file target39.cif (mmCIF, C-alpha atoms)
data_structure
#
loop_
_atom_site.group_PDB
_atom_site.id
_atom_site.type_symbol
_atom_site.label_atom_id
_atom_site.label_comp_id
_atom_site.auth_asym_id
_atom_site.auth_seq_id
_atom_site.Cartn_x
_atom_site.Cartn_y
_atom_site.Cartn_z
ATOM 1 C CA MET C 1 6.321 -18.637 2.245
ATOM 2 C CA THR C 2 9.208 -16.816 0.660
ATOM 3 C CA GLY C 3 8.920 -13.062 0.320
ATOM 4 C CA THR C 4 10.061 -10.533 -2.237
ATOM 5 C CA THR C 5 9.652 -6.823 -2.705
ATOM 6 C CA GLY C 6 6.646 -6.014 -4.852
ATOM 7 C CA SER C 7 7.102 -3.493 -7.665
ATOM 8 C CA ALA C 8 5.562 -2.353 -10.909
ATOM 9 C CA ALA C 9 7.589 -5.070 -12.603
ATOM 10 C CA THR C 10 6.028 -7.955 -10.676
ATOM 11 C CA THR C 11 3.553 -10.341 -12.242
ATOM 12 C CA GLY C 12 0.187 -10.176 -10.484
ATOM 13 C CA VAL C 13 -1.615 -13.097 -8.919
ATOM 14 C CA ASN C 14 -4.945 -14.178 -10.448
ATOM 15 C CA ARG C 15 -4.896 -11.334 -12.973
ATOM 16 C CA PRO C 16 -5.352 -8.621 -10.340
ATOM 17 C CA ALA C 17 -7.090 -5.373 -11.013
ATOM 18 C CA ARG C 18 -4.674 -2.518 -11.175
ATOM 19 C CA ALA C 19 -4.676 1.155 -10.468
ATOM 20 C CA GLU C 20 -2.161 3.512 -11.963
ATOM 21 C CA TYR C 21 -0.430 6.568 -10.620
ATOM 22 C CA GLN C 22 0.876 8.915 -13.254
ATOM 23 C CA GLN C 23 2.601 12.257 -13.366
ATOM 24 C CA GLY C 24 0.750 15.272 -14.709
ATOM 25 C CA ARG C 25 1.472 17.177 -17.923
ATOM 26 C CA ASN C 26 2.087 13.933 -19.824
ATOM 27 C CA ARG C 27 5.668 13.653 -18.551
ATOM 28 C CA ALA C 28 4.656 10.382 -17.045
ATOM 29 C CA VAL C 29 6.419 8.550 -14.286
ATOM 30 C CA GLY C 30 3.955 6.018 -12.967
ATOM 31 C CA ALA C 31 3.466 2.629 -11.420
ATOM 32 C CA ARG C 32 0.840 -0.020 -11.809
ATOM 33 C CA ILE C 33 -0.498 -0.557 -8.333
ATOM 34 C CA ARG C 34 -1.546 -4.143 -8.769
ATOM 35 C CA ALA C 35 -1.691 -5.589 -5.268
ATOM 36 C CA PRO C 36 0.424 -5.958 -2.154
ATOM 37 C CA ILE C 37 0.295 -9.717 -2.717
ATOM 38 C CA ALA C 38 2.021 -10.302 -6.028
ATOM 39 C CA ARG C 39 4.431 -12.848 -7.447
ATOM 40 C CA SER C 40 8.105 -12.266 -8.001
ATOM 41 C CA ARG C 41 9.840 -12.929 -11.313
ATOM 42 C CA GLU C 42 10.707 -16.339 -9.867
ATOM 43 C CA GLY C 43 7.011 -17.036 -9.273
ATOM 44 C CA LYS C 44 7.230 -17.050 -5.480
ATOM 45 C CA ALA C 45 4.463 -15.539 -3.399
ATOM 46 C CA ALA C 46 5.267 -12.163 -1.885
ATOM 47 C CA TRP C 47 4.374 -12.955 1.716
ATOM 48 C CA MET C 48 7.375 -12.808 3.985
ATOM 49 C CA ASN C 49 8.089 -13.383 7.656
ATOM 50 C CA ARG C 50 10.868 -10.867 8.131
ATOM 51 C CA PRO C 51 11.306 -7.204 7.168
ATOM 52 C CA HIS C 52 13.473 -6.250 4.221
ATOM 53 C CA ARG C 53 14.736 -3.150 2.514
ATOM 54 C CA VAL C 54 12.658 -1.677 -0.308
ATOM 55 C CA PRO C 55 15.083 -0.358 -2.924
ATOM 56 C CA ALA C 56 14.426 2.977 -4.590
ATOM 57 C CA GLY C 57 15.128 1.564 -8.039
ATOM 58 C CA ARG C 58 14.448 3.270 -11.315
ATOM 59 C CA PRO C 59 10.901 4.571 -11.880
ATOM 60 C CA PRO C 60 8.826 2.384 -14.197
ATOM 61 C CA PRO C 61 7.450 3.733 -17.481
ATOM 62 C CA ALA C 62 4.181 5.608 -17.799
ATOM 63 C CA VAL C 63 0.954 3.624 -17.788
ATOM 64 C CA GLY C 64 -1.906 6.067 -18.194
ATOM 65 C CA ARG C 65 -3.620 9.099 -16.680
ATOM 66 C CA PRO C 66 -5.803 7.996 -13.762
ATOM 67 C CA ALA C 67 -6.285 11.404 -12.162
ATOM 68 C CA ARG C 68 -8.859 10.079 -9.709
ATOM 69 C CA PHE C 69 -6.180 8.379 -7.597
ATOM 70 C CA ASP C 70 -4.123 11.481 -6.788
ATOM 71 C CA HIS C 71 -4.884 14.098 -4.133
ATOM 72 C CA GLU C 72 -5.524 17.063 -6.406
ATOM 73 C CA ARG C 73 -8.035 15.374 -8.642
ATOM 74 C CA GLY C 74 -9.834 12.623 -6.795
ATOM 75 C CA ASP C 75 -8.373 10.989 -3.662
ATOM 76 C CA ARG C 76 -9.976 7.734 -4.774
ATOM 77 C CA SER C 77 -8.231 4.673 -3.393
ATOM 78 C CA PRO C 78 -6.845 2.190 -5.940
ATOM 79 C CA PRO C 79 -8.181 -1.359 -6.170
ATOM 80 C CA LEU C 80 -5.997 -4.028 -4.585
ATOM 81 C CA ILE C 81 -6.242 -7.822 -4.607
ATOM 82 C CA TRP C 82 -4.254 -10.539 -2.878
ATOM 83 C CA ASP C 83 -4.164 -14.201 -1.997
ATOM 84 C CA GLY C 84 -2.054 -16.600 0.068
ATOM 85 C CA VAL C 85 -2.966 -15.188 3.495
ATOM 86 C CA PRO C 86 -1.028 -17.181 6.131
ATOM 87 C CA GLU C 87 -2.875 -19.773 8.222
ATOM 88 C CA GLY C 88 -3.872 -18.456 11.636
ATOM 89 C CA THR C 89 -4.397 -14.876 10.458
ATOM 90 C CA ALA C 90 -6.928 -13.048 12.654
ATOM 91 C CA GLY C 91 -6.905 -9.826 10.656
ATOM 92 C CA LEU C 92 -5.117 -7.817 8.004
ATOM 93 C CA VAL C 93 -3.552 -4.384 8.340
ATOM 94 C CA LEU C 94 -2.875 -2.034 5.424
ATOM 95 C CA LEU C 95 -0.332 0.777 5.808
ATOM 96 C CA VAL C 96 0.641 3.204 3.030
ATOM 97 C CA ASP C 97 3.207 5.966 3.312
ATOM 98 C CA ASP C 98 5.578 8.165 1.314
ATOM 99 C CA PRO C 99 9.113 8.015 2.766
ATOM 100 C CA ASP C 100 10.313 10.661 0.284
ATOM 101 C CA ALA C 101 7.961 13.390 1.534
ATOM 102 C CA PRO C 102 9.633 16.584 2.837
ATOM 103 C CA VAL C 103 8.533 15.884 6.408
ATOM 104 C CA LYS C 104 10.172 14.183 9.359
ATOM 105 C CA GLY C 105 9.880 10.430 8.956
ATOM 106 C CA SER C 106 7.344 9.852 6.210
ATOM 107 C CA PHE C 107 3.917 11.066 5.123
ATOM 108 C CA VAL C 108 1.021 8.698 5.806
ATOM 109 C CA HIS C 109 -1.512 8.050 3.054
ATOM 110 C CA TRP C 110 -3.675 5.211 4.383
ATOM 111 C CA VAL C 111 -4.129 3.181 7.567
ATOM 112 C CA LEU C 112 -6.620 0.312 7.853
ATOM 113 C CA CYS C 113 -6.766 -2.203 10.707
ATOM 114 C CA ASN C 114 -8.760 -5.390 11.226
ATOM 115 C CA LEU C 115 -9.571 -6.169 7.636
ATOM 116 C CA ASP C 116 -11.326 -9.530 7.388
ATOM 117 C CA PRO C 117 -8.668 -12.232 6.769
ATOM 118 C CA ALA C 118 -11.082 -13.896 4.332
ATOM 119 C CA ARG C 119 -10.890 -10.841 2.084
ATOM 120 C CA GLN C 120 -9.008 -11.124 -1.167
ATOM 121 C CA GLY C 121 -8.857 -7.434 -1.931
ATOM 122 C CA ILE C 122 -10.305 -3.948 -1.682
ATOM 123 C CA ALA C 123 -12.351 -2.463 -4.498
ATOM 124 C CA GLU C 124 -11.552 0.940 -5.978
ATOM 125 C CA GLY C 125 -12.811 3.649 -3.655
ATOM 126 C CA GLU C 126 -14.008 1.136 -1.045
ATOM 127 C CA ALA C 127 -14.026 1.905 2.673
ATOM 128 C CA PRO C 128 -14.171 -1.609 4.169
ATOM 129 C CA ALA C 129 -17.049 -1.682 6.668
ATOM 130 C CA GLU C 130 -15.364 -4.100 9.065
ATOM 131 C CA ALA C 131 -12.057 -2.229 9.256
ATOM 132 C CA THR C 132 -10.856 0.406 11.690
ATOM 133 C CA ALA C 133 -9.627 3.419 9.703
ATOM 134 C CA GLY C 134 -6.573 5.130 11.133
ATOM 135 C CA ALA C 135 -5.306 8.664 10.636
ATOM 136 C CA ASN C 136 -3.647 9.760 7.415
ATOM 137 C CA GLY C 137 -1.128 12.600 7.205
ATOM 138 C CA PHE C 138 -3.899 15.192 7.487
ATOM 139 C CA GLY C 139 -5.191 13.575 10.674
ATOM 140 C CA ARG C 140 -8.319 12.294 8.949
ATOM 141 C CA SER C 141 -9.583 8.802 8.241
ATOM 142 C CA GLY C 142 -9.359 7.229 4.828
ATOM 143 C CA TYR C 143 -7.140 7.209 1.775
ATOM 144 C CA LEU C 144 -5.151 10.295 0.828
ATOM 145 C CA GLY C 145 -3.767 10.361 -2.718
ATOM 146 C CA PRO C 146 -0.220 11.317 -3.688
ATOM 147 C CA ALA C 147 0.669 15.000 -3.967
ATOM 148 C CA PRO C 148 4.453 15.413 -3.922
ATOM 149 C CA PRO C 149 5.929 18.890 -4.374
ATOM 150 C CA PRO C 150 6.074 19.827 -8.088
ATOM 151 C CA GLY C 151 9.552 19.283 -9.515
ATOM 152 C CA ASP C 152 10.571 16.678 -6.944
ATOM 153 C CA ALA C 153 12.124 13.443 -8.099
ATOM 154 C CA PRO C 154 9.593 10.585 -8.159
ATOM 155 C CA HIS C 155 8.257 9.755 -4.709
ATOM 156 C CA ARG C 156 7.777 6.163 -3.580
ATOM 157 C CA TYR C 157 4.447 5.031 -2.143
ATOM 158 C CA ILE C 158 4.901 1.909 -0.058
ATOM 159 C CA PHE C 159 1.865 -0.334 0.377
ATOM 160 C CA ARG C 160 2.323 -2.779 3.263
ATOM 161 C CA LEU C 161 -0.192 -5.530 3.961
ATOM 162 C CA LEU C 162 0.379 -7.344 7.255
ATOM 163 C CA ALA C 163 -1.258 -10.547 8.442
ATOM 164 C CA VAL C 164 -1.591 -10.515 12.242
ATOM 165 C CA ASP C 165 -2.507 -13.245 14.717
ATOM 166 C CA GLU C 166 -4.859 -11.122 16.812
ATOM 167 C CA PRO C 167 -7.123 -8.126 16.147
ATOM 168 C CA VAL C 168 -5.658 -4.655 16.600
ATOM 169 C CA SER C 169 -7.352 -3.322 19.752
ATOM 170 C CA LEU C 170 -6.556 0.365 19.276
ATOM 171 C CA LYS C 171 -9.496 2.740 19.617
ATOM 172 C CA GLY C 172 -10.329 6.001 17.895
ATOM 173 C CA ARG C 173 -8.231 6.921 14.892
ATOM 174 C CA PRO C 174 -4.830 5.267 15.411
ATOM 175 C CA GLY C 175 -1.744 6.536 13.603
ATOM 176 C CA TYR C 176 0.693 4.577 11.463
ATOM 177 C CA LYS C 177 3.279 4.283 14.241
ATOM 178 C CA ASP C 178 0.630 3.307 16.804
ATOM 179 C CA VAL C 179 -0.515 0.463 14.578
ATOM 180 C CA GLU C 180 3.061 -0.597 13.840
ATOM 181 C CA ALA C 181 3.774 -0.797 17.564
ATOM 182 C CA ALA C 182 0.541 -2.690 18.262
ATOM 183 C CA VAL C 183 1.294 -5.445 15.748
ATOM 184 C CA THR C 184 4.925 -5.923 16.775
ATOM 185 C CA GLY C 185 5.299 -9.562 17.755
ATOM 186 C CA HIS C 186 1.959 -10.467 16.171
ATOM 187 C CA THR C 187 2.809 -10.326 12.475
ATOM 188 C CA LEU C 188 2.587 -13.653 10.665
ATOM 189 C CA GLY C 189 3.513 -12.256 7.269
ATOM 190 C CA GLU C 190 3.941 -9.059 5.319
ATOM 191 C CA ALA C 191 3.837 -8.130 1.656
ATOM 192 C CA ARG C 192 4.857 -4.859 0.028
ATOM 193 C CA LEU C 193 4.290 -3.036 -3.196
ATOM 194 C CA VAL C 194 6.083 0.169 -4.195
ATOM 195 C CA GLY C 195 4.529 2.626 -6.653
ATOM 196 C CA THR C 196 5.978 5.954 -7.787
ATOM 197 C CA TYR C 197 4.446 9.336 -8.557
ATOM 198 C CA GLN C 198 5.846 12.673 -9.725
ATOM 199 C CA ARG C 199 4.409 16.076 -10.579
#
call {"tool": "encode", "arguments": {"input": "target39.cif", "output": "structure tokens"}}
result
Amino acid sequence: MTGTTGSAATTGVNRPARAEYQQGRNRAVGARIRAPIARSREGKAAWMNRPHRVPAGRPPPAVGRPARFDHERGDRSPPLIWDGVPEGTAGLVLLVDDPDAPVKGSFVHWVLCNLDPARQGIAEGEAPAEATAGANGFGRSGYLGPAPPPGDAPHRYIFRLLAVDEPVSLKGRPGYKDVEAAVTGHTLGEARLVGTYQR
């Protein structure tokens, strides 16, 4: 399948549920977090079989005030849906990070391994029972909402959903880089969605 970079401007597949990140104090810079598997403007599915650059782009317009999704006021994970999982997928991996964070590399917000390939999404606030939860930037399991330094330019939050041909065998609470290394050579497809957030 042909891949494209997901963004707030994409058209969702099967009318996906959407979460919204939004800046505080009503000076909104937000993104509709629809799903890592979305359709491009050309109508092509967003699965891809090779990595590609995610452009910074211009932040999309405001879309609401869902405080529950950010770190200060909720840390509730947004709902995601997808379809078109490649044939032969043994499991799905979800990785979310902020490459604009003032830390070396990026700041990790969510790591999930071994999601059931039959899944078509994750409900708001759900901790999938079958999945192995990796370590976020605080060293804990689970979703960690955005909390960029006040006054920073909008930060990007990159949701990556990878279809892999064998389960991830890492034990304990694996980190983002550990998972990335473990799935190298086993990724059948990847889809991305980029949301933005600013305080």
call {"tool": "resolve_selection", "arguments": {"input": "target39.cif", "expression": "the PyMOL selection byres ((chain C and resi 99) around 12)", "output": "list in words"}}
result
Val54, Pro55, Ala56, Val96, Asp97, Asp98, Asp100, Ala101, Pro102, Val103, Lys104, Gly105, Ser106, Phe107, Val108, His109, Pro146, Pro148, Pro154, His155, Arg156, Tyr157, Ile158, Phe159, Val194, Gly195 and Thr196 of chain C
call {"tool": "write_last_selection", "arguments": {"input": "target39.cif", "atoms": "C-alpha atoms", "output": "CSV table (one decimal), keeping the file's coordinate frame"}}
result
chain,number,residue,atom,x,y,z
C,54,VAL,CA,12.7,-1.7,-0.3
C,55,PRO,CA,15.1,-0.4,-2.9
C,56,ALA,CA,14.4,3.0,-4.6
C,96,VAL,CA,0.6,3.2,3.0
C,97,ASP,CA,3.2,6.0,3.3
C,98,ASP,CA,5.6,8.2,1.3
C,100,ASP,CA,10.3,10.7,0.3
C,101,ALA,CA,8.0,13.4,1.5
C,102,PRO,CA,9.6,16.6,2.8
C,103,VAL,CA,8.5,15.9,6.4
C,104,LYS,CA,10.2,14.2,9.4
C,105,GLY,CA,9.9,10.4,9.0
C,106,SER,CA,7.3,9.9,6.2
C,107,PHE,CA,3.9,11.1,5.1
C,108,VAL,CA,1.0,8.7,5.8
C,109,HIS,CA,-1.5,8.0,3.1
C,146,PRO,CA,-0.2,11.3,-3.7
C,148,PRO,CA,4.5,15.4,-3.9
C,154,PRO,CA,9.6,10.6,-8.2
C,155,HIS,CA,8.3,9.8,-4.7
C,156,ARG,CA,7.8,6.2,-3.6
C,157,TYR,CA,4.4,5.0,-2.1
C,158,ILE,CA,4.9,1.9,-0.1
C,159,PHE,CA,1.9,-0.3,0.4
C,194,VAL,CA,6.1,0.2,-4.2
C,195,GLY,CA,4.5,2.6,-6.7
C,196,THR,CA,6.0,6.0,-7.8
call {"tool": "residues_near_point", "arguments": {"input": "target39.cif", "point": "(-8.5, 11.8, 11.4)", "cutoff": "12 Å", "atoms": "only C-alpha atoms", "output": "PyMOL selection string"}}
result
chain C and resi 108-111+132-144+172-176
call {"tool": "write_last_selection", "arguments": {"input": "target39.cif", "atoms": "C-alpha atoms", "output": "CSV table (one decimal), in the frame of the given file"}}
result
chain,number,residue,atom,x,y,z
C,108,VAL,CA,1.0,8.7,5.8
C,109,HIS,CA,-1.5,8.0,3.1
C,110,TRP,CA,-3.7,5.2,4.4
C,111,VAL,CA,-4.1,3.2,7.6
C,132,THR,CA,-10.9,0.4,11.7
C,133,ALA,CA,-9.6,3.4,9.7
C,134,GLY,CA,-6.6,5.1,11.1
C,135,ALA,CA,-5.3,8.7,10.6
C,136,ASN,CA,-3.6,9.8,7.4
C,137,GLY,CA,-1.1,12.6,7.2
C,138,PHE,CA,-3.9,15.2,7.5
C,139,GLY,CA,-5.2,13.6,10.7
C,140,ARG,CA,-8.3,12.3,8.9
C,141,SER,CA,-9.6,8.8,8.2
C,142,GLY,CA,-9.4,7.2,4.8
C,143,TYR,CA,-7.1,7.2,1.8
C,144,LEU,CA,-5.2,10.3,0.8
C,172,GLY,CA,-10.3,6.0,17.9
C,173,ARG,CA,-8.2,6.9,14.9
C,174,PRO,CA,-4.8,5.3,15.4
C,175,GLY,CA,-1.7,6.5,13.6
C,176,TYR,CA,0.7,4.6,11.5
call {"tool": "closest_residue", "arguments": {"input": "target39.cif", "among": "C:Glu166, C:Asp116, C:Glu124, C:Asp178", "to": "Val85 of chain C", "atoms": "all atoms listed in the file"}}
result
C:Asp116
call {"tool": "residues_near_point", "arguments": {"input": "target39.cif", "point": "(-8.3, -15.7, 1.6)", "cutoff": "12 Å", "atoms": "all atoms listed in the file", "output": "PyMOL selection string"}}
result
chain C and resi 37+81-92+115-121+163
call {"tool": "closest_residue", "arguments": {"input": "target39.cif", "among": "C:Ile122, C:Ala181, C:Leu161, C:Ala153", "to": "Leu95 of chain C", "atoms": "only C-alpha atoms"}}
result
C:Leu161
call {"tool": "atom_distance", "arguments": {"input": "target39.cif", "atom1": "atom CA of Val168 of chain C", "atom2": "atom CA of Thr187 of chain C"}}
result
11.0 Å
call {"tool": "atom_distance", "arguments": {"input": "target39.cif", "atom1": "atom CA of Pro79 of chain C", "atom2": "atom CA of Gly125 of chain C"}}
result
7.3 Å
call {"tool": "atom_distance", "arguments": {"input": "target39.cif", "atom1": "atom CA of Ala147 of chain C", "atom2": "atom CA of Glu72 of chain C"}}
result
7.0 Å
call {"tool": "closest_residue", "arguments": {"input": "target39.cif", "among": "C:Ala129, C:Ala123, C:Tyr197, C:Gly145", "to": "Arg68 of chain C", "atoms": "only C-alpha atoms"}}
result
C:Gly145
call {"tool": "closest_residue", "arguments": {"input": "target39.cif", "among": "C:Glu126, C:Leu94, C:Pro150, C:Val179", "to": "Asp75 of chain C", "atoms": "all atoms listed in the file"}}
result
C:Glu126
call {"tool": "closest_residue", "arguments": {"input": "target39.cif", "among": "C:Asn114, C:Glu180, C:Pro149, C:Ala191", "to": "Asp165 of chain C", "atoms": "all atoms listed in the file"}}
result
C:Asn114
